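K.L.:
Below: one structure in structure tokens.
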Amino acid sequence: MSELLVYIEVNENGITDLSLQCLAKGAELAKKNGWKVGGLVLGAGVKDCAKEVIAYGADTVYLADDARLKSFVPSAYQRVLTGFLKQKNPGMVIFPATTRGNDLAPLIASELDLACALDCQNTDWESGKFFSRRSEFDGKVATKYSASGSRGLVTSLKDGVADSGTADAARTGQTVPVEVVLNENDLATKVLKREVVKSTVNLKAAKIIVTAGAGIGTKENFALVENLARAFGGEVGATRPVVDAGWTTADRQIGQTGVTVKPDLYIACGVSGAVQHRVGMMMAKKIVAINTDAAAPIFKFAHYRIVGDLVDVIPKLLKLVK
């Protein structure tokens, strides 16, 4: 094997951040083994993306730019990808673990008789084989997957797998057009309308995040967390139980099933520190934890620990901030 391939997802906002993370991870593996990295870009009007993909680390961009690929239809994308990948006989294909990536990865693997592992936290090359790692059973079990025999591995990687890095405009690479051959059956499904709700939250870019965990107790106490975030000029985050309880929206969820963040300051209010949440915030530079339970797991890795009821602690912090 001399080339590792990464599927680059493009939406209405351009190349997704997770695709760039996957590309960075692919480039890391390639550099370790002396391989090249190829970026797979499909869509309509995506020619301009090629330069950006090269700037972020691809040596070659395989570009399928066709009006029939404007809307994401799995059967059409599968047809183009499998037709191309059959010629390449890849040892590894990386997809971002998004709705689109997790749709395509098993379809491609099945068609090409490759192994497949979805929603993985990491992937690596060890002892002449690719391995992908993921946590299962609510984070209680760590698993390691590899392909049997000489099969290649198709994997999808979750947010936080790598830093997306910065573009290097001086990088050069090759753009190779991919032939788009589709039949009537491939286009039997049509997207009639697509509505995208504009996100008002950007936790990934936030420098300060104040997060509410199940330990806040009530929706009324969530307002205290919001006040503290406002006082610091930061964003409000939440653990999954808080989102499931309906106290805030899913776009504020941090952790294994949410987003991965790396703020300068992370204040955890009533957060126990379970591994599912921990994987989403461990890259924070400073972690402050407020919890009534002195034995809470989060205190094992927080930089500053406050043992107390947030109903008492947060008002005192607000006075100090003001």
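In the structure tokens, chains take letters A, B, ... by order of appearance, with residues numbered from 1 within each chain and ligands from 1 in the order shown.
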Apply DSSP to the structure's backbone, then extract all residues of region 35-163 of chain A labelled strand (DSSP E) and return them as a VMD selection string.
P.N.:
chain A and resid 36 to 43 60 to 65 92 to 96 115 to 120 122 to 126 129 to 136 141 to 146 153 to 157
K.L.:
Could the residues in this selection be saved with C-alpha atoms as a PDB file, in the first residue's frame?
P.N.:
```pdb
ATOM      1  CA  LYS A  36       0.761   9.493   0.205  1.00  0.00           C
ATOM      2  CA  VAL A  37      -2.658  10.851   1.250  1.00  0.00           C
ATOM      3  CA  GLY A  38      -5.524  11.161  -1.215  1.00  0.00           C
ATOM      4  CA  GLY A  39      -8.643  13.243  -0.574  1.00  0.00           C
ATOM      5  CA  LEU A  40     -11.954  12.112  -2.124  1.00  0.00           C
ATOM      6  CA  VAL A  41     -14.240  15.058  -2.923  1.00  0.00           C
ATOM      7  CA  LEU A  42     -17.720  14.525  -4.392  1.00  0.00           C
ATOM      8  CA  GLY A  43     -20.396  17.083  -5.157  1.00  0.00           C
ATOM      9  CA  THR A  60      -3.699  14.165  -4.385  1.00  0.00           C
ATOM     10  CA  VAL A  61      -7.331  15.217  -4.626  1.00  0.00           C
ATOM     11  CA  TYR A  62      -9.665  12.860  -6.485  1.00  0.00           C
ATOM     12  CA  LEU A  63     -12.467  15.116  -7.627  1.00  0.00           C
ATOM     13  CA  ALA A  64     -15.928  14.035  -8.763  1.00  0.00           C
ATOM     14  CA  ASP A  65     -17.658  17.305  -9.684  1.00  0.00           C
ATOM     15  CA  MET A  92      -7.482   2.144   4.313  1.00  0.00           C
ATOM     16  CA  VAL A  93     -10.345   4.554   3.637  1.00  0.00           C
ATOM     17  CA  ILE A  94     -11.261   7.072   6.338  1.00  0.00           C
ATOM     18  CA  PHE A  95     -14.690   8.702   6.578  1.00  0.00           C
ATOM     19  CA  PRO A  96     -15.836  11.362   9.057  1.00  0.00           C
ATOM     20  CA  ALA A 115     -13.640  -4.625   6.853  1.00  0.00           C
ATOM     21  CA  CYS A 116     -15.586  -1.776   8.455  1.00  0.00           C
ATOM     22  CA  ALA A 117     -15.494  -0.085  11.882  1.00  0.00           C
ATOM     23  CA  LEU A 118     -17.700   2.934  12.604  1.00  0.00           C
ATOM     24  CA  ASP A 119     -17.649   5.741  15.183  1.00  0.00           C
ATOM     25  CA  CYS A 120     -14.046   5.168  16.217  1.00  0.00           C
ATOM     26  CA  ASN A 122      -8.689   6.659  16.776  1.00  0.00           C
ATOM     27  CA  THR A 123      -6.956   4.626  14.094  1.00  0.00           C
ATOM     28  CA  ASP A 124      -3.356   3.525  13.711  1.00  0.00           C
ATOM     29  CA  TRP A 125      -0.948   1.225  11.925  1.00  0.00           C
ATOM     30  CA  GLU A 126       0.633  -1.491  14.039  1.00  0.00           C
ATOM     31  CA  LYS A 129      -2.023  -3.759   9.943  1.00  0.00           C
ATOM     32  CA  PHE A 130      -4.519  -0.971  10.383  1.00  0.00           C
ATOM     33  CA  PHE A 131      -6.403  -0.875  13.667  1.00  0.00           C
ATOM     34  CA  SER A 132      -9.326   1.309  14.722  1.00  0.00           C
ATOM     35  CA  ARG A 133     -10.295   1.841  18.349  1.00  0.00           C
ATOM     36  CA  ARG A 134     -13.661   2.725  19.827  1.00  0.00           C
ATOM     37  CA  SER A 135     -15.392   2.634  23.196  1.00  0.00           C
ATOM     38  CA  GLU A 136     -18.565   0.628  23.655  1.00  0.00           C
ATOM     39  CA  VAL A 141     -15.339  -1.319  27.162  1.00  0.00           C
ATOM     40  CA  ALA A 142     -12.473  -0.297  24.868  1.00  0.00           C
ATOM     41  CA  THR A 143     -12.377  -2.297  21.628  1.00  0.00           C
ATOM     42  CA  LYS A 144      -9.797  -2.632  18.883  1.00  0.00           C
ATOM     43  CA  TYR A 145     -10.725  -3.651  15.334  1.00  0.00           C
ATOM     44  CA  SER A 146      -8.591  -4.779  12.418  1.00  0.00           C
ATOM     45  CA  LEU A 153     -10.165  -1.334   6.468  1.00  0.00           C
ATOM     46  CA  VAL A 154     -12.909   1.270   6.062  1.00  0.00           C
ATOM     47  CA  THR A 155     -13.399   3.325   9.209  1.00  0.00           C
ATOM     48  CA  SER A 156     -15.273   6.417  10.347  1.00  0.00           C
ATOM     49  CA  LEU A 157     -13.639   8.667  12.932  1.00  0.00           C
TER      50      LEU A 157
END
```
K.L.:
Within 12 Å of Val197 (chain A), counting only C-alpha atoms, which residues show up once you throw out same-chain ones fewer than 4 positions away? Write them as a list in words, please.
P.N.:
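That gives Glu12, Val201 and Asp251 of chain A.
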K.L.:
Which residues, written as a list in words, have at least one atom at most 10 Å from Val271 (chain A), with only C-alpha atoms counted and residues fewer than 2 positions away on the same chain left out?
P.N.:
Thr211, Ala212, Gly213, Ala214, Gly215, Ile216, Ala238, Thr239, Ile267, Ala268, Cys269, Gly273, Ala274, His277, Arg278, Ala289, Ile290, Asn291, Ala296, Pro297, Ile298 and Phe299 of chain A
K.L.:
Just write the chosen residues, all heavy atoms, as a compact mmCIF listing (two decimals), in the first residue's frame.
P.N.:
```txt
# COMPACT_ATOMS: atom_id res chain seq x y z
N THR A 211 -20.38 24.43 31.83
CA THR A 211 -21.20 23.27 31.48
C THR A 211 -22.05 22.79 32.65
O THR A 211 -21.58 22.73 33.79
CB THR A 211 -20.30 22.11 31.00
OG1 THR A 211 -19.71 22.48 29.75
CG2 THR A 211 -21.10 20.83 30.79
N ALA A 212 -23.28 22.45 32.33
CA ALA A 212 -24.22 21.93 33.32
C ALA A 212 -24.29 20.42 33.21
O ALA A 212 -24.45 19.87 32.12
CB ALA A 212 -25.60 22.53 33.12
N GLY A 213 -24.18 19.73 34.35
CA GLY A 213 -24.34 18.29 34.40
C GLY A 213 -25.62 17.93 35.13
O GLY A 213 -26.34 18.82 35.64
N ALA A 214 -25.91 16.65 35.21
CA ALA A 214 -27.15 16.20 35.87
C ALA A 214 -27.23 16.65 37.31
O ALA A 214 -28.32 16.82 37.88
CB ALA A 214 -27.24 14.67 35.80
N GLY A 215 -26.06 16.91 37.91
CA GLY A 215 -26.02 17.32 39.31
C GLY A 215 -26.59 18.70 39.59
O GLY A 215 -26.76 19.07 40.76
N ILE A 216 -26.92 19.47 38.54
CA ILE A 216 -27.54 20.78 38.81
C ILE A 216 -28.95 20.59 39.36
O ILE A 216 -29.51 21.49 39.99
CB ILE A 216 -27.57 21.68 37.56
CG1 ILE A 216 -28.48 21.10 36.47
CG2 ILE A 216 -26.17 21.92 37.03
CD1 ILE A 216 -28.73 22.05 35.31
N ALA A 238 -23.43 21.41 28.01
CA ALA A 238 -24.26 20.51 28.79
C ALA A 238 -23.83 19.07 28.57
O ALA A 238 -23.23 18.73 27.55
CB ALA A 238 -25.74 20.67 28.42
N THR A 239 -24.14 18.22 29.55
CA THR A 239 -23.93 16.79 29.39
C THR A 239 -25.21 16.19 28.79
O THR A 239 -26.25 16.85 28.73
CB THR A 239 -23.64 16.11 30.74
OG1 THR A 239 -24.77 16.30 31.60
CG2 THR A 239 -22.40 16.71 31.38
N ILE A 267 -15.60 25.33 33.02
CA ILE A 267 -16.18 25.26 34.35
C ILE A 267 -17.30 24.24 34.32
O ILE A 267 -18.30 24.41 33.62
CB ILE A 267 -16.71 26.64 34.80
CG1 ILE A 267 -15.60 27.69 34.74
CG2 ILE A 267 -17.28 26.55 36.21
CD1 ILE A 267 -16.06 29.10 35.07
N ALA A 268 -17.13 23.15 35.07
CA ALA A 268 -18.10 22.05 35.09
C ALA A 268 -18.95 22.16 36.35
O ALA A 268 -18.43 22.06 37.47
CB ALA A 268 -17.37 20.72 35.06
N CYS A 269 -20.25 22.35 36.18
CA CYS A 269 -21.16 22.51 37.30
C CYS A 269 -22.05 21.27 37.44
O CYS A 269 -22.86 20.99 36.55
CB CYS A 269 -22.04 23.74 37.08
SG CYS A 269 -21.13 25.28 36.81
N GLY A 273 -18.21 13.60 35.71
CA GLY A 273 -16.92 13.28 35.10
C GLY A 273 -16.87 11.90 34.47
O GLY A 273 -15.79 11.31 34.33
N ALA A 274 -18.02 11.39 34.06
CA ALA A 274 -18.07 10.08 33.39
C ALA A 274 -17.25 10.14 32.11
O ALA A 274 -17.12 11.19 31.48
CB ALA A 274 -19.52 9.70 33.09
N HIS A 277 -18.46 11.93 28.91
CA HIS A 277 -18.33 13.39 28.85
C HIS A 277 -16.86 13.79 28.80
O HIS A 277 -16.49 14.73 28.09
CB HIS A 277 -19.01 14.04 30.05
CG HIS A 277 -18.93 15.54 30.05
ND1 HIS A 277 -19.64 16.32 29.15
CD2 HIS A 277 -18.19 16.40 30.79
CE1 HIS A 277 -19.37 17.59 29.37
NE2 HIS A 277 -18.49 17.67 30.35
N ARG A 278 -16.07 13.07 29.52
CA ARG A 278 -14.65 13.41 29.64
C ARG A 278 -13.96 13.49 28.29
O ARG A 278 -13.11 14.35 28.05
CB ARG A 278 -13.96 12.39 30.55
CG ARG A 278 -12.50 12.69 30.81
CD ARG A 278 -11.92 11.67 31.78
NE ARG A 278 -10.50 11.90 31.99
CZ ARG A 278 -9.75 11.17 32.81
NH1 ARG A 278 -10.30 10.18 33.47
NH2 ARG A 278 -8.46 11.43 32.94
N ALA A 289 -14.03 22.45 38.55
CA ALA A 289 -15.17 21.58 38.81
C ALA A 289 -15.87 21.99 40.10
O ALA A 289 -15.23 22.22 41.13
CB ALA A 289 -14.72 20.13 38.91
N ILE A 290 -17.22 22.07 40.01
CA ILE A 290 -18.05 22.36 41.18
C ILE A 290 -18.97 21.16 41.39
O ILE A 290 -19.75 20.81 40.50
CB ILE A 290 -18.90 23.63 40.97
CG1 ILE A 290 -18.03 24.83 40.59
CG2 ILE A 290 -19.74 23.93 42.21
CD1 ILE A 290 -18.82 26.04 40.11
N ASN A 291 -18.86 20.52 42.55
CA ASN A 291 -19.67 19.33 42.80
C ASN A 291 -19.81 19.12 44.31
O ASN A 291 -18.88 19.39 45.07
CB ASN A 291 -19.02 18.09 42.17
CG ASN A 291 -20.02 17.00 41.88
OD1 ASN A 291 -20.64 16.45 42.78
ND2 ASN A 291 -20.18 16.67 40.60
N ALA A 296 -16.32 12.70 43.44
CA ALA A 296 -16.74 12.69 42.04
C ALA A 296 -15.53 12.47 41.12
O ALA A 296 -14.46 13.06 41.35
CB ALA A 296 -17.43 14.00 41.68
N PRO A 297 -15.63 11.63 40.09
CA PRO A 297 -14.51 11.35 39.19
C PRO A 297 -13.88 12.59 38.57
O PRO A 297 -12.68 12.61 38.30
CB PRO A 297 -15.14 10.46 38.12
CG PRO A 297 -16.28 9.79 38.81
CD PRO A 297 -16.82 10.82 39.76
N ILE A 298 -14.68 13.63 38.37
CA ILE A 298 -14.14 14.82 37.70
C ILE A 298 -13.05 15.49 38.53
O ILE A 298 -12.16 16.15 38.00
CB ILE A 298 -15.27 15.83 37.37
CG1 ILE A 298 -14.77 16.84 36.33
CG2 ILE A 298 -15.81 16.51 38.63
CD1 ILE A 298 -15.86 17.66 35.69
N PHE A 299 -13.09 15.30 39.85
CA PHE A 299 -12.08 15.92 40.70
C PHE A 299 -10.70 15.30 40.50
O PHE A 299 -9.69 15.87 40.89
CB PHE A 299 -12.48 15.81 42.17
CG PHE A 299 -13.56 16.80 42.58
CD1 PHE A 299 -14.52 16.43 43.50
CD2 PHE A 299 -13.59 18.07 42.05
CE1 PHE A 299 -15.51 17.34 43.89
CE2 PHE A 299 -14.57 18.98 42.42
CZ PHE A 299 -15.54 18.62 43.35
```
K.L.:
List the spatial neighbours of region 23-33 of chain A as a ChimeraX atom specification - criterion: any atom at most 8 Å away, only C-alpha atoms, same-chain residues fewer than 4 positions off excluded.
P.N.:
/A:3-6,8,19,37,39,56-58,94,124-125,161-165
K.L.:
Given only C-alpha atoms as the basis, pick out the residue of A:Ser199, A:Glu184, A:Lys207, A:Gly308 nearest to Asn13 (chain A).
P.N.:
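Residue with the minimum atom-to-atom distance to Asn13 (chain A): A:Ser199.
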K.L.:
Which is closer to Lys204 (chain A) than all the others in A:Val181, A:Leu20, A:Val46, A:Val261, using only C-alpha atoms?
P.N.:
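Closest to Lys204 (chain A) of all the choices is A:Val261.
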K.L.:
Considering only C-alpha atoms, can you say which of A:Leu182, A:Val275, A:Ala76, A:Leu265 comes closest to His303 (chain A)?
P.N.:
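Under the stated criterion, the closest residue is A:Leu265.
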